[in-house]
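*Asks:* Please see the structure below; I have some questions.
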Amino acid sequence: MSAQTELPQAESESTGSCCSPSGSCHSDTAETPQGAVTTEYEVTGMTCGHCEGAVSEEISAIAGVTSVKAVAATGRVTVVSEAPLDEAAVRAAVDEAGYELVGAKA
């Protein structure tokens, strides 16, 4: 004789994660503040989530930066700031994290 235990299911089983309907723990629906500047940079050397975190943390420390999203797979880092950033400051932050800033993407 075997016993089978069924766990209660949440009403909505369509989500792939407990975080969001898209299965992501992050929300990509955040609005960019009015007047904000979004700049995309190319960074070499990132290979994993730890790399993304290190680069994001260093760039986030620059005055005026409101959000950073680094993607190791593409080498792209998207930065939202209150005003245009000095590329030398971004380069220094990326260097501090241990990676190389190729430059801003057009």
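Please note that chains go A, B, ... in the order of the structure tokens, that every chain numbers its residues from 1, and that ligands are numbered from 1 in the order shown.
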Fewer than 3 positions away in the same chain doesn't count, so skip those; otherwise give me all residues within 6 Å of Glu42 of chain A, counting only C-alpha atoms, as a ChimeraX atom specification.
*Replies:* /A:75-76,102-103
*Asks:* Residues at most 9 Å from Leu85 of chain A, counting only C-alpha atoms, excluding those fewer than 5 positions away in the same chain, as an MDAnalysis selection string?
*Replies:* chainID A and resid 37 39 62:65 90
*Asks:* As an exercise, work out the distance from atom CA of Ala61 of chain A to atom CA of Val43 of chain A in Å and give it to one decimal place.
*Replies:* 17.1 Å
*Asks:* Neighbouring residues of Glu96 of chain A were defined as those with any atom within 12 Å, considering only C-alpha atoms; residues of the same chain fewer than 3 positions away were excluded. Please report them as a tab-separated table (two decimals) with all heavy atoms, in the first residue's frame.
*Replies:*
chain	number	residue	atom	x	y	z
A	51	CYS	N	30.15	38.80	-11.87
A	51	CYS	CA	30.74	39.88	-12.65
A	51	CYS	C	29.73	41.02	-12.82
A	51	CYS	O	30.07	42.20	-12.64
A	51	CYS	CB	31.16	39.39	-14.03
A	51	CYS	SG	32.37	38.06	-14.04
A	54	ALA	N	29.41	42.92	-9.56
A	54	ALA	CA	30.58	43.76	-9.25
A	54	ALA	C	30.56	45.05	-10.06
A	54	ALA	O	30.79	46.14	-9.54
A	54	ALA	CB	31.87	42.97	-9.51
A	55	VAL	N	30.29	44.91	-11.36
A	55	VAL	CA	30.24	46.09	-12.23
A	55	VAL	C	29.08	47.01	-11.81
A	55	VAL	O	29.25	48.23	-11.69
A	55	VAL	CB	30.11	45.68	-13.71
A	55	VAL	CG1	29.79	46.87	-14.60
A	55	VAL	CG2	31.40	45.01	-14.18
A	56	SER	N	27.92	46.42	-11.57
A	56	SER	CA	26.75	47.21	-11.17
A	56	SER	C	27.00	47.96	-9.87
A	56	SER	O	26.65	49.14	-9.74
A	56	SER	CB	25.53	46.31	-11.00
A	56	SER	OG	25.15	45.76	-12.25
A	57	GLU	N	27.62	47.29	-8.91
A	57	GLU	CA	27.89	47.93	-7.61
A	57	GLU	C	28.81	49.13	-7.75
A	57	GLU	O	28.56	50.19	-7.17
A	57	GLU	CB	28.50	46.90	-6.66
A	57	GLU	CG	28.76	47.44	-5.28
A	57	GLU	CD	29.32	46.41	-4.33
A	57	GLU	OE1	29.30	45.20	-4.65
A	57	GLU	OE2	29.80	46.81	-3.25
A	58	GLU	N	29.87	48.98	-8.52
A	58	GLU	CA	30.83	50.08	-8.68
A	58	GLU	C	30.21	51.26	-9.44
A	58	GLU	O	30.39	52.41	-9.06
A	58	GLU	CB	32.10	49.60	-9.39
A	58	GLU	CG	32.95	48.67	-8.55
A	58	GLU	CD	33.51	49.31	-7.28
A	58	GLU	OE1	33.71	50.54	-7.24
A	58	GLU	OE2	33.75	48.55	-6.33
A	59	ILE	N	29.48	50.98	-10.52
A	59	ILE	CA	28.86	52.07	-11.28
A	59	ILE	C	27.76	52.74	-10.46
A	59	ILE	O	27.59	53.95	-10.51
A	59	ILE	CB	28.34	51.56	-12.64
A	59	ILE	CG1	29.52	51.12	-13.53
A	59	ILE	CG2	27.52	52.65	-13.35
A	59	ILE	CD1	29.12	50.49	-14.85
A	61	ALA	N	27.76	53.45	-7.49
A	61	ALA	CA	28.35	54.38	-6.52
A	61	ALA	C	28.64	55.76	-7.11
A	61	ALA	O	28.93	56.70	-6.38
A	61	ALA	CB	29.63	53.77	-5.95
A	89	ALA	N	34.66	58.65	-15.29
A	89	ALA	CA	34.17	58.14	-14.01
A	89	ALA	C	33.63	56.72	-14.16
A	89	ALA	O	33.86	55.86	-13.31
A	89	ALA	CB	33.09	59.06	-13.45
A	90	VAL	N	32.92	56.48	-15.26
A	90	VAL	CA	32.40	55.13	-15.52
A	90	VAL	C	33.56	54.17	-15.76
A	90	VAL	O	33.58	53.06	-15.23
A	90	VAL	CB	31.42	55.13	-16.71
A	90	VAL	CG1	30.93	53.72	-17.02
A	90	VAL	CG2	30.24	56.07	-16.45
A	91	ARG	N	34.54	54.61	-16.53
A	91	ARG	CA	35.72	53.78	-16.80
A	91	ARG	C	36.44	53.43	-15.50
A	91	ARG	O	36.82	52.27	-15.27
A	91	ARG	CB	36.68	54.50	-17.75
A	91	ARG	CG	37.88	53.66	-18.18
A	91	ARG	CD	38.73	54.37	-19.24
A	91	ARG	NE	37.96	54.77	-20.39
A	91	ARG	CZ	37.57	53.96	-21.38
A	91	ARG	NH1	37.89	52.69	-21.34
A	91	ARG	NH2	36.86	54.41	-22.40
A	92	ALA	N	36.61	54.40	-14.61
A	92	ALA	CA	37.28	54.15	-13.33
A	92	ALA	C	36.49	53.15	-12.48
A	92	ALA	O	37.07	52.27	-11.84
A	92	ALA	CB	37.46	55.46	-12.57
A	93	ALA	N	35.16	53.25	-12.49
A	93	ALA	CA	34.32	52.33	-11.73
A	93	ALA	C	34.44	50.91	-12.27
A	93	ALA	O	34.56	49.94	-11.52
A	93	ALA	CB	32.86	52.80	-11.76
A	99	TYR	N	37.21	45.01	-14.60
A	99	TYR	CA	36.82	44.76	-15.99
A	99	TYR	C	37.25	45.95	-16.83
A	99	TYR	O	37.78	46.93	-16.33
A	99	TYR	CB	35.32	44.50	-16.09
A	99	TYR	CG	34.93	43.36	-15.16
A	99	TYR	CD1	34.51	43.60	-13.86
A	99	TYR	CD2	35.09	42.05	-15.57
A	99	TYR	CE1	34.23	42.57	-12.99
A	99	TYR	CE2	34.80	41.00	-14.70
A	99	TYR	CZ	34.38	41.27	-13.43
A	99	TYR	OH	34.12	40.24	-12.57
A	100	GLU	N	37.00	45.87	-18.14
A	100	GLU	CA	37.43	46.94	-19.04
A	100	GLU	C	36.24	47.56	-19.78
A	100	GLU	O	35.45	46.84	-20.41
A	100	GLU	CB	38.43	46.40	-20.06
A	100	GLU	CG	38.96	47.49	-20.98
A	100	GLU	CD	39.97	46.95	-22.00
A	100	GLU	OE1	40.45	45.82	-21.85
A	100	GLU	OE2	40.23	47.68	-22.96
A	101	LEU	N	36.14	48.87	-19.69
A	101	LEU	CA	35.12	49.60	-20.42
A	101	LEU	C	35.60	49.84	-21.84
A	101	LEU	O	36.65	50.45	-22.05
A	101	LEU	CB	34.83	50.94	-19.73
A	101	LEU	CG	33.83	51.83	-20.45
A	101	LEU	CD1	32.42	51.24	-20.35
A	101	LEU	CD2	33.84	53.23	-19.86
